[in-house]
Amino acid sequence: MTKQKFDRRDILKSAVVGGAAVASTAATVTPNPTALAQQTTAAPTTSEAAGYAFLNLEEAAFVEAVVDHIVPADEVSPKGTDLGVNIYIDRALAGAWGKGERLYMQGPWKQGVPSQGYQLPLTPAQLYRAGIEATNVHCRKTYGKSFDRLEPTQREEVLIGLSTSKIKFENGLPVRVFWTTLYQTIIEGMYSDPIYGGNRNKAGWAIIGFPGVIAVHRDNVEKYRGKPFPSKPIGISDMS
Amino acid sequence: MTIKLKEVDVVIVGLGWTGGILAKELTEAGLKVVALERGALRSSESDYSLPNIRDELRYVVRHDLMQNTARDTITVRNNPTQEALPMRRLGSFLPGEVVGGSGVHWSGHTWRWTDMEFNIRSNYETRYGKKFIPDDMTIQDWGISYAELEPYYDKFEYTAAVSGKAGNINGQIQAGGNPFEASRAREYPLPPLTPILASEMFSVAARNAGYHPFPRPSANASQPYTNPDGSKYGGCQYCGYCQRFGCEANAKGSPHMTVIPIAMRNPNFELRTHSWVTKVLKDSDGKRVTGVAYTNLLNGDEFEQPASMVLLCAYAINNVHLMLLSGIGQPYDPVAQKGVIGKNYCYQTGAGATLFFEGKFFNPFMSAGGSNATIDDFNINWAFDRAPHDFVGAYNVSGGFNTALPIGYRPLPSGTPQWGSEWKRATAKWYQTAMTIGASGSVMANRYNCYDLDPTYRNAFGQPLMRMTFDYKANEHKMGRHAAQVINDIAKSMNPTKLNPATARTDPWTVVPYQSTHNTGGTIMGTNPRDSALNKYLQSWDCHNLFVVGANVFPHNASYNPTGPVGALAYWTADAIKNRYVKSPQPLVPA
């Protein structure tokens, strides 16, 4: 195992296997390497904001890998995990939306035609879980590894397969439904208010110059007509 | 066990714009009114306030002010050969569920529908002959005239603080307004909103093409305003959070800050929130209604509220649902083409282009609900000859912005990757430097587009869901092609750096994504009980003490947003009840 591939699932697995070694090994995994990396790149991150409420280790590794591939670090913004997109997704899945709030969940269940919209007997959290599992089944079969351990070109290939429905899941889950949910939640994690765990430091809004919750443009609408608006984004917590 | 309550004069089901207007008007006329509303009471002061109201995830994506589909939804299909399946979450349209209803989260676009709609079949038969109208197109005249509604349009516009520029005052065309509009008695209560760059650029291009752009009339107060009832408005802040949100500035005309608080101060009025009406009750001979049955959503208690008069003022879809659940009127059968309840469900269609201008800053986050310029040259204008294009109906075209928030709005030139650095750079480059031009088009009634009760799926109260059968027909496809061409010609004349052109919509209607909360028909008004559910006063032909108010009364759908005539008809009905019906409770139009 190279240092780069060091992954907390390995630590935790060895910790569990190790028995007596648990205590000392466990001490080395708190705070986890990802959180440490975040602290060096993206400023104030409270320790409470890290850690997962819904995603298990394999799912967390998948989500982190996906969001960092879709949102790579570059001159435009920090990478997906440094934006907290993974944390946003975890909180959304753990919360009311993930549990199916507002979703009509009575059968009979039929797939129907695409114009009839979502028809699966799954809450968003269950859909996510089944989709990650199925994607990793595909990855292991095709590449011998789970998604998070693939090379960037392989990840790219998988995401193209998901987004075009060229990949078919063996478990019968419609790929299109998983992909649209996955993609939509990544967008939400980039651009929703930071109170939901993503868009950390409003760096998502900064990508596009969106001013956030700023409210009063009555004069600006004339003053900045056709001109760039100098915005330092403001979030809900900045005004609370 | 059902608890039977003391009889009141009037029970109103649903407290949005129509219920609010009727509650205010009828309590002022001395009637005892109880309003039953499914949703909660929320206020501008504590709910639609800064900073929490500025939350796209909560209000746009998670539908915080909207109907909860876990409890009640509809089933959908495109045609009668399909099996309808439940709309498991909201998408294409968003009925409100709160005191104030959809009047809280609308954008404020307020139009006057004209005799072009009210006499639709006569108009087309006269101009183009009977054969011009396809056999399966069940359009019919409404039985009301623009002249009758004009004072009520005026009343609604002054109540809701509509900002705009008149185009025709007492027959005199006014510079800067819509030259095609029907004659109005006076100006709008407030001048138009400050134009934004996108609407100005669209106006210039449209004018150069020979069209007649004008500022879209909207219930977004362009300056502080006190309406004739004394309700106070702040000036619009162009905050960019209009559609789907309550207005923190009280600048958007909404029932929760106008008619409803006035009714609530009247001792004749009582509001019961969290009250879910399951049925309208009829007397033994079926000629009158006797009240409604409802459930208290907070504890499950069931009540019967007797009343001398019942007014259905819920969202358009839910009004029709209640009529079907209550067995009032004959359900519509599209095969035999008999019956009326559920008939002529209509929606709207559209087309849109995105224009990318490198280096031009549109600041899409600075906009009001109605920051658009519009042309009606292909809408309420008979000089636009439909014959060569072979369609019935019309569309308007607009340029501007309305709620361009970043989860939902990130314009990208076609062919841009969906992820990675190139995607991010394009997102960064174009968010502020793109604008849109869009058409909103009418949908004509069709015999197969209708509602009935679903045979399989049920709501939380064990009642059948309503089933919607709907698709666009060849008529709408043809109109879409025409609209796309007009949009693209205007767009190209503006020389954008890149253009995602408009295309005609020809795919089946789908429940996702969001399209328009302009669902019409199902309990339509008309001239006789054979082909309509209600007379011109929105009074049931079957039970004369039942009135059904909302866009569900429209026999077809125009290109315009529906709230103008919805509000005007509510005032019109209020007058008919106050001035005529209470003095002599009987049918206001002989059957």
# chains A, B, ... in the order shown; residues from 1 in each chain; ligands from 1
call {"tool": "residues_around", "arguments": {"residues": "Thr81 in chain A", "least_positions_apart": "2", "cutoff": "8 Å", "atoms": "only C-alpha atoms", "output": "PyMOL selection string"}}
result
chain A and resi 38+64+67-68+79+83-87
call {"tool": "select_by_dssp", "arguments": {"residues": "range 196-420 of chain B", "states": "alpha helix (DSSP H)", "output": "MDAnalysis selection string"}}
result
chainID B and resid 197:208 259:264 316:326 420
call {"tool": "write_last_selection", "arguments": {"atoms": "N, CA and C atoms", "output": "compact mmCIF listing (two decimals), in the first residue's frame"}}
result
# COMPACT_ATOMS: atom_id res chain seq x y z
N LEU B 197 -30.72 44.86 -17.94
CA LEU B 197 -30.03 44.86 -19.24
C LEU B 197 -30.64 43.86 -20.21
N ALA B 198 -30.96 42.67 -19.72
CA ALA B 198 -31.48 41.62 -20.61
C ALA B 198 -32.80 42.05 -21.24
N SER B 199 -33.68 42.65 -20.46
CA SER B 199 -34.97 43.06 -21.01
C SER B 199 -34.79 44.24 -21.96
N GLU B 200 -33.84 45.12 -21.67
CA GLU B 200 -33.58 46.25 -22.58
C GLU B 200 -33.05 45.75 -23.93
N MET B 201 -32.11 44.81 -23.86
CA MET B 201 -31.53 44.29 -25.11
C MET B 201 -32.59 43.56 -25.93
N PHE B 202 -33.44 42.81 -25.23
CA PHE B 202 -34.52 42.12 -25.94
C PHE B 202 -35.46 43.15 -26.58
N SER B 203 -35.78 44.20 -25.85
CA SER B 203 -36.70 45.22 -26.38
C SER B 203 -36.15 45.86 -27.64
N VAL B 204 -34.86 46.18 -27.62
CA VAL B 204 -34.25 46.82 -28.80
C VAL B 204 -34.33 45.88 -29.99
N ALA B 205 -33.97 44.62 -29.77
CA ALA B 205 -33.97 43.65 -30.88
C ALA B 205 -35.39 43.42 -31.40
N ALA B 206 -36.35 43.35 -30.47
CA ALA B 206 -37.74 43.11 -30.89
C ALA B 206 -38.27 44.31 -31.68
N ARG B 207 -37.94 45.49 -31.23
CA ARG B 207 -38.40 46.70 -31.92
C ARG B 207 -37.77 46.75 -33.32
N ASN B 208 -36.49 46.43 -33.40
CA ASN B 208 -35.83 46.43 -34.71
C ASN B 208 -36.45 45.42 -35.67
N VAL B 259 -55.66 40.93 1.48
CA VAL B 259 -57.06 40.60 1.79
C VAL B 259 -57.23 39.70 3.02
N ILE B 260 -56.30 38.78 3.23
CA ILE B 260 -56.49 37.83 4.35
C ILE B 260 -56.41 38.53 5.71
N PRO B 261 -55.38 39.36 5.97
CA PRO B 261 -55.38 40.04 7.28
C PRO B 261 -56.59 40.95 7.49
N ILE B 262 -57.12 41.50 6.39
CA ILE B 262 -58.33 42.33 6.56
C ILE B 262 -59.50 41.45 6.99
N ALA B 263 -59.64 40.31 6.34
CA ALA B 263 -60.71 39.38 6.75
C ALA B 263 -60.50 38.95 8.20
N MET B 264 -59.23 38.70 8.56
CA MET B 264 -58.96 38.18 9.91
C MET B 264 -59.28 39.20 10.99
N ALA B 316 -56.40 24.93 -8.30
CA ALA B 316 -57.27 24.49 -9.40
C ALA B 316 -57.46 22.97 -9.44
N ILE B 317 -56.38 22.23 -9.30
CA ILE B 317 -56.46 20.77 -9.37
C ILE B 317 -57.29 20.23 -8.21
N ASN B 318 -57.08 20.80 -7.02
CA ASN B 318 -57.75 20.29 -5.83
C ASN B 318 -59.24 20.63 -5.81
N ASN B 319 -59.61 21.74 -6.42
CA ASN B 319 -61.04 22.05 -6.54
C ASN B 319 -61.76 20.98 -7.36
N VAL B 320 -61.14 20.59 -8.46
CA VAL B 320 -61.76 19.57 -9.32
C VAL B 320 -61.82 18.24 -8.58
N HIS B 321 -60.73 17.93 -7.88
CA HIS B 321 -60.68 16.68 -7.11
C HIS B 321 -61.85 16.61 -6.11
N LEU B 322 -62.07 17.71 -5.40
CA LEU B 322 -63.16 17.73 -4.41
C LEU B 322 -64.53 17.54 -5.06
N MET B 323 -64.70 18.12 -6.23
CA MET B 323 -65.98 17.94 -6.94
C MET B 323 -66.17 16.46 -7.29
N LEU B 324 -65.12 15.82 -7.78
CA LEU B 324 -65.24 14.41 -8.15
C LEU B 324 -65.45 13.53 -6.91
N LEU B 325 -64.71 13.85 -5.83
CA LEU B 325 -64.86 13.06 -4.61
C LEU B 325 -66.25 13.21 -4.00
N SER B 326 -66.85 14.38 -4.23
CA SER B 326 -68.16 14.66 -3.62
C SER B 326 -69.32 14.24 -4.50
N GLY B 420 -15.83 18.43 -14.37
CA GLY B 420 -14.40 18.67 -14.58
C GLY B 420 -14.09 20.16 -14.72
call {"tool": "closest_atom_pairs", "arguments": {"of": "chain A", "to": "chain B", "cutoff": "8 Å", "atoms": "only C-alpha atoms", "output": "JSON lines"}}
result
{"residue": "A:His69", "atom": "CA", "partner": "B:Gly420", "partner_atom": "CA", "distance": 6.7}
{"residue": "A:Ile70", "atom": "CA", "partner": "B:Trp419", "partner_atom": "CA", "distance": 4.8}
{"residue": "A:Val71", "atom": "CA", "partner": "B:Gly420", "partner_atom": "CA", "distance": 5.6}
{"residue": "A:Pro72", "atom": "CA", "partner": "B:Gly420", "partner_atom": "CA", "distance": 6.1}
{"residue": "A:Ala73", "atom": "CA", "partner": "B:Ser421", "partner_atom": "CA", "distance": 8.0}
{"residue": "A:Asp74", "atom": "CA", "partner": "B:Ser421", "partner_atom": "CA", "distance": 6.8}
{"residue": "A:Val76", "atom": "CA", "partner": "B:Arg425", "partner_atom": "CA", "distance": 6.6}
{"residue": "A:Trp97", "atom": "CA", "partner": "B:Arg62", "partner_atom": "CA", "distance": 7.9}
{"residue": "A:Glu101", "atom": "CA", "partner": "B:Ala70", "partner_atom": "CA", "distance": 7.2}
{"residue": "A:Arg102", "atom": "CA", "partner": "B:Ala70", "partner_atom": "CA", "distance": 4.5}
{"residue": "A:Leu103", "atom": "CA", "partner": "B:Ala70", "partner_atom": "CA", "distance": 4.8}
{"residue": "A:Tyr104", "atom": "CA", "partner": "B:Ala70", "partner_atom": "CA", "distance": 4.0}
{"residue": "A:Met105", "atom": "CA", "partner": "B:Ala70", "partner_atom": "CA", "distance": 6.8}
{"residue": "A:Gln106", "atom": "CA", "partner": "B:Tyr457", "partner_atom": "CA", "distance": 7.7}
{"residue": "A:Gly107", "atom": "CA", "partner": "B:Tyr457", "partner_atom": "CA", "distance": 7.6}
{"residue": "A:Pro108", "atom": "CA", "partner": "B:Tyr457", "partner_atom": "CA", "distance": 8.0}
{"residue": "A:Lys110", "atom": "CA", "partner": "B:Leu85", "partner_atom": "CA", "distance": 7.7}
{"residue": "A:Gly112", "atom": "CA", "partner": "B:Leu85", "partner_atom": "CA", "distance": 7.1}
{"residue": "A:Pro114", "atom": "CA", "partner": "B:Thr510", "partner_atom": "CA", "distance": 7.5}
{"residue": "A:Ser115", "atom": "CA", "partner": "B:Thr510", "partner_atom": "CA", "distance": 4.0}
{"residue": "A:Gln116", "atom": "CA", "partner": "B:Val511", "partner_atom": "CA", "distance": 5.8}
{"residue": "A:Gly117", "atom": "CA", "partner": "B:Val511", "partner_atom": "CA", "distance": 5.8}
{"residue": "A:Tyr118", "atom": "CA", "partner": "B:Arg88", "partner_atom": "CA", "distance": 6.4}
{"residue": "A:Gln119", "atom": "CA", "partner": "B:Arg88", "partner_atom": "CA", "distance": 7.0}
{"residue": "A:Ile187", "atom": "CA", "partner": "B:Ile407", "partner_atom": "CA", "distance": 6.2}
{"residue": "A:Glu188", "atom": "CA", "partner": "B:Ile407", "partner_atom": "CA", "distance": 5.8}
{"residue": "A:Tyr191", "atom": "CA", "partner": "B:Ile407", "partner_atom": "CA", "distance": 5.6}
{"residue": "A:Ser192", "atom": "CA", "partner": "B:Leu57", "partner_atom": "CA", "distance": 5.7}
{"residue": "A:Asp193", "atom": "CA", "partner": "B:Asp55", "partner_atom": "CA", "distance": 6.7}
{"residue": "A:Trp205", "atom": "CA", "partner": "B:Pro406", "partner_atom": "CA", "distance": 7.9}
{"residue": "A:Ile207", "atom": "CA", "partner": "B:Ala428", "partner_atom": "CA", "distance": 5.4}
{"residue": "A:Ile208", "atom": "CA", "partner": "B:Ala428", "partner_atom": "CA", "distance": 4.5}
{"residue": "A:Gly209", "atom": "CA", "partner": "B:Ala428", "partner_atom": "CA", "distance": 7.7}
{"residue": "A:Phe210", "atom": "CA", "partner": "B:Phe365", "partner_atom": "CA", "distance": 7.2}
{"residue": "A:Pro211", "atom": "CA", "partner": "B:Phe365", "partner_atom": "CA", "distance": 7.8}
{"residue": "A:Gly212", "atom": "CA", "partner": "B:Arg54", "partner_atom": "CA", "distance": 7.9}
{"residue": "A:Val213", "atom": "CA", "partner": "B:Arg54", "partner_atom": "CA", "distance": 5.3}
{"residue": "A:Ile214", "atom": "CA", "partner": "B:Cys239", "partner_atom": "CA", "distance": 7.4}
{"residue": "A:Ala215", "atom": "CA", "partner": "B:Cys239", "partner_atom": "CA", "distance": 5.0}
{"residue": "A:Val216", "atom": "CA", "partner": "B:Gln237", "partner_atom": "CA", "distance": 5.1}
{"residue": "A:His217", "atom": "CA", "partner": "B:Tyr238", "partner_atom": "CA", "distance": 5.3}
{"residue": "A:Arg218", "atom": "CA", "partner": "B:Gln237", "partner_atom": "CA", "distance": 4.5}
{"residue": "A:Asn220", "atom": "CA", "partner": "B:Met366", "partner_atom": "CA", "distance": 7.8}
{"residue": "A:Val221", "atom": "CA", "partner": "B:Met366", "partner_atom": "CA", "distance": 6.2}
{"residue": "A:Glu222", "atom": "CA", "partner": "B:Thr194", "partner_atom": "CA", "distance": 7.6}
{"residue": "A:Tyr224", "atom": "CA", "partner": "B:Asn363", "partner_atom": "CA", "distance": 8.0}
{"residue": "A:Arg225", "atom": "CA", "partner": "B:Leu197", "partner_atom": "CA", "distance": 5.9}
{"residue": "A:Gly226", "atom": "CA", "partner": "B:Phe361", "partner_atom": "CA", "distance": 4.7}
{"residue": "A:Lys227", "atom": "CA", "partner": "B:Phe361", "partner_atom": "CA", "distance": 5.3}
{"residue": "A:Pro228", "atom": "CA", "partner": "B:Phe361", "partner_atom": "CA", "distance": 5.7}
{"residue": "A:Phe229", "atom": "CA", "partner": "B:Asn363", "partner_atom": "CA", "distance": 7.1}
{"residue": "A:Ile236", "atom": "CA", "partner": "B:Pro51", "partner_atom": "CA", "distance": 5.3}
{"residue": "A:Met239", "atom": "CA", "partner": "B:Pro51", "partner_atom": "CA", "distance": 6.2}
{"residue": "A:Ser240", "atom": "CA", "partner": "B:Pro51", "partner_atom": "CA", "distance": 7.0}
call {"tool": "write_last_selection", "arguments": {"atoms": "C-alpha atoms", "output": "PDB file, in the first residue's frame"}}
result
ATOM      1  CA  HIS A  69     -13.575  13.974  -9.881  1.00  0.00           C
ATOM      2  CA  ILE A  70     -16.582  16.064 -10.884  1.00  0.00           C
ATOM      3  CA  VAL A  71     -15.273  19.101  -9.023  1.00  0.00           C
ATOM      4  CA  PRO A  72     -11.469  18.956  -9.290  1.00  0.00           C
ATOM      5  CA  ALA A  73      -9.253  21.505  -7.576  1.00  0.00           C
ATOM      6  CA  ASP A  74      -8.152  24.163 -10.056  1.00  0.00           C
ATOM      7  CA  VAL A  76     -11.747  28.125 -10.301  1.00  0.00           C
ATOM      8  CA  TRP A  97     -35.206  14.437   2.292  1.00  0.00           C
ATOM      9  CA  GLU A 101     -40.115  13.357   3.195  1.00  0.00           C
ATOM     10  CA  ARG A 102     -42.802  14.568   0.747  1.00  0.00           C
ATOM     11  CA  LEU A 103     -42.386  11.450  -1.372  1.00  0.00           C
ATOM     12  CA  TYR A 104     -45.579   9.510  -2.149  1.00  0.00           C
ATOM     13  CA  MET A 105     -44.546   5.995  -1.091  1.00  0.00           C
ATOM     14  CA  GLN A 106     -47.616   3.879  -1.677  1.00  0.00           C
ATOM     15  CA  GLY A 107     -47.691   0.987  -4.133  1.00  0.00           C
ATOM     16  CA  PRO A 108     -48.346  -0.713  -6.428  1.00  0.00           C
ATOM     17  CA  LYS A 110     -44.427   0.048 -11.597  1.00  0.00           C
ATOM     18  CA  GLY A 112     -44.084   3.226 -16.189  1.00  0.00           C
ATOM     19  CA  PRO A 114     -40.094   8.258 -18.275  1.00  0.00           C
ATOM     20  CA  SER A 115     -42.712  11.021 -18.556  1.00  0.00           C
ATOM     21  CA  GLN A 116     -44.282   9.686 -15.332  1.00  0.00           C
ATOM     22  CA  GLY A 117     -41.210  10.569 -13.293  1.00  0.00           C
ATOM     23  CA  TYR A 118     -39.747   8.844 -10.266  1.00  0.00           C
ATOM     24  CA  GLN A 119     -41.395   5.463  -9.602  1.00  0.00           C
ATOM     25  CA  ILE A 187     -24.896  20.588  -7.687  1.00  0.00           C
ATOM     26  CA  GLU A 188     -26.839  21.227  -4.487  1.00  0.00           C
ATOM     27  CA  TYR A 191     -24.496  25.960  -4.596  1.00  0.00           C
ATOM     28  CA  SER A 192     -26.844  25.644  -1.600  1.00  0.00           C
ATOM     29  CA  ASP A 193     -26.336  27.824   1.434  1.00  0.00           C
ATOM     30  CA  TRP A 205     -20.986  30.839  -5.019  1.00  0.00           C
ATOM     31  CA  ILE A 207     -17.196  30.369  -8.767  1.00  0.00           C
ATOM     32  CA  ILE A 208     -19.993  32.276 -10.438  1.00  0.00           C
ATOM     33  CA  GLY A 209     -19.967  35.548  -8.518  1.00  0.00           C
ATOM     34  CA  PHE A 210     -23.310  34.836  -6.882  1.00  0.00           C
ATOM     35  CA  PRO A 211     -23.795  37.217  -3.952  1.00  0.00           C
ATOM     36  CA  GLY A 212     -25.819  34.822  -1.784  1.00  0.00           C
ATOM     37  CA  VAL A 213     -28.505  36.161   0.501  1.00  0.00           C
ATOM     38  CA  ILE A 214     -27.795  39.817  -0.229  1.00  0.00           C
ATOM     39  CA  ALA A 215     -31.206  41.358  -0.449  1.00  0.00           C
ATOM     40  CA  VAL A 216     -31.222  44.928  -1.550  1.00  0.00           C
ATOM     41  CA  HIS A 217     -30.544  45.591  -5.202  1.00  0.00           C
ATOM     42  CA  ARG A 218     -33.016  48.424  -5.624  1.00  0.00           C
ATOM     43  CA  ASN A 220     -27.789  48.300  -7.762  1.00  0.00           C
ATOM     44  CA  VAL A 221     -30.118  47.389 -10.574  1.00  0.00           C
ATOM     45  CA  GLU A 222     -29.374  50.774 -12.164  1.00  0.00           C
ATOM     46  CA  TYR A 224     -24.525  47.910 -12.054  1.00  0.00           C
ATOM     47  CA  ARG A 225     -26.540  47.508 -15.234  1.00  0.00           C
ATOM     48  CA  GLY A 226     -24.116  45.822 -17.634  1.00  0.00           C
ATOM     49  CA  LYS A 227     -21.281  45.970 -15.114  1.00  0.00           C
ATOM     50  CA  PRO A 228     -19.793  43.265 -12.916  1.00  0.00           C
ATOM     51  CA  PHE A 229     -21.197  43.373  -9.386  1.00  0.00           C
ATOM     52  CA  ILE A 236     -27.507  32.811   6.052  1.00  0.00           C
ATOM     53  CA  MET A 239     -26.554  37.370   8.917  1.00  0.00           C
ATOM     54  CA  SER A 240     -27.898  35.295  11.783  1.00  0.00           C
TER      55      SER A 240
END
call {"tool": "atom_distance", "arguments": {"atom1": "CA of Arg467 in chain B", "atom2": "CA of Ile328 in chain B"}}
result
17.1 Å
call {"tool": "residues_around", "arguments": {"residues": "Ser414 in chain B", "least_positions_apart": "4", "cutoff": "10 Å", "atoms": "only C-alpha atoms", "output": "PyMOL selection string"}}
result
chain B and resi 354+498-501
call {"tool": "write_last_selection", "arguments": {"atoms": "N, CA and C atoms", "output": "mmCIF file, in the first residue's frame"}}
result
data_model
loop_
_atom_site.group_PDB
_atom_site.id
_atom_site.type_symbol
_atom_site.label_atom_id
_atom_site.label_comp_id
_atom_site.auth_asym_id
_atom_site.auth_seq_id
_atom_site.Cartn_x
_atom_site.Cartn_y
_atom_site.Cartn_z
ATOM 1 N N THR B 354 -31.127 30.319 -25.065
ATOM 2 C CA THR B 354 -30.165 30.976 -24.178
ATOM 3 C C THR B 354 -29.107 31.639 -25.040
ATOM 4 N N LYS B 498 -22.457 32.981 -28.398
ATOM 5 C CA LYS B 498 -22.949 31.610 -28.613
ATOM 6 C C LYS B 498 -24.449 31.614 -28.387
ATOM 7 N N LEU B 499 -25.120 30.671 -28.995
ATOM 8 C CA LEU B 499 -26.583 30.604 -28.871
ATOM 9 C C LEU B 499 -27.020 29.149 -28.723
ATOM 10 N N ASN B 500 -27.786 28.883 -27.655
ATOM 11 C CA ASN B 500 -28.503 27.604 -27.592
ATOM 12 C C ASN B 500 -29.895 27.905 -28.128
ATOM 13 N N PRO B 501 -30.182 27.500 -29.359
ATOM 14 C CA PRO B 501 -31.441 27.934 -29.969
ATOM 15 C C PRO B 501 -32.665 27.288 -29.338
#
call {"tool": "atom_distance", "arguments": {"atom1": "CA of Arg530 in chain B", "atom2": "CA of Leu546 in chain B"}}
result
17.7 Å
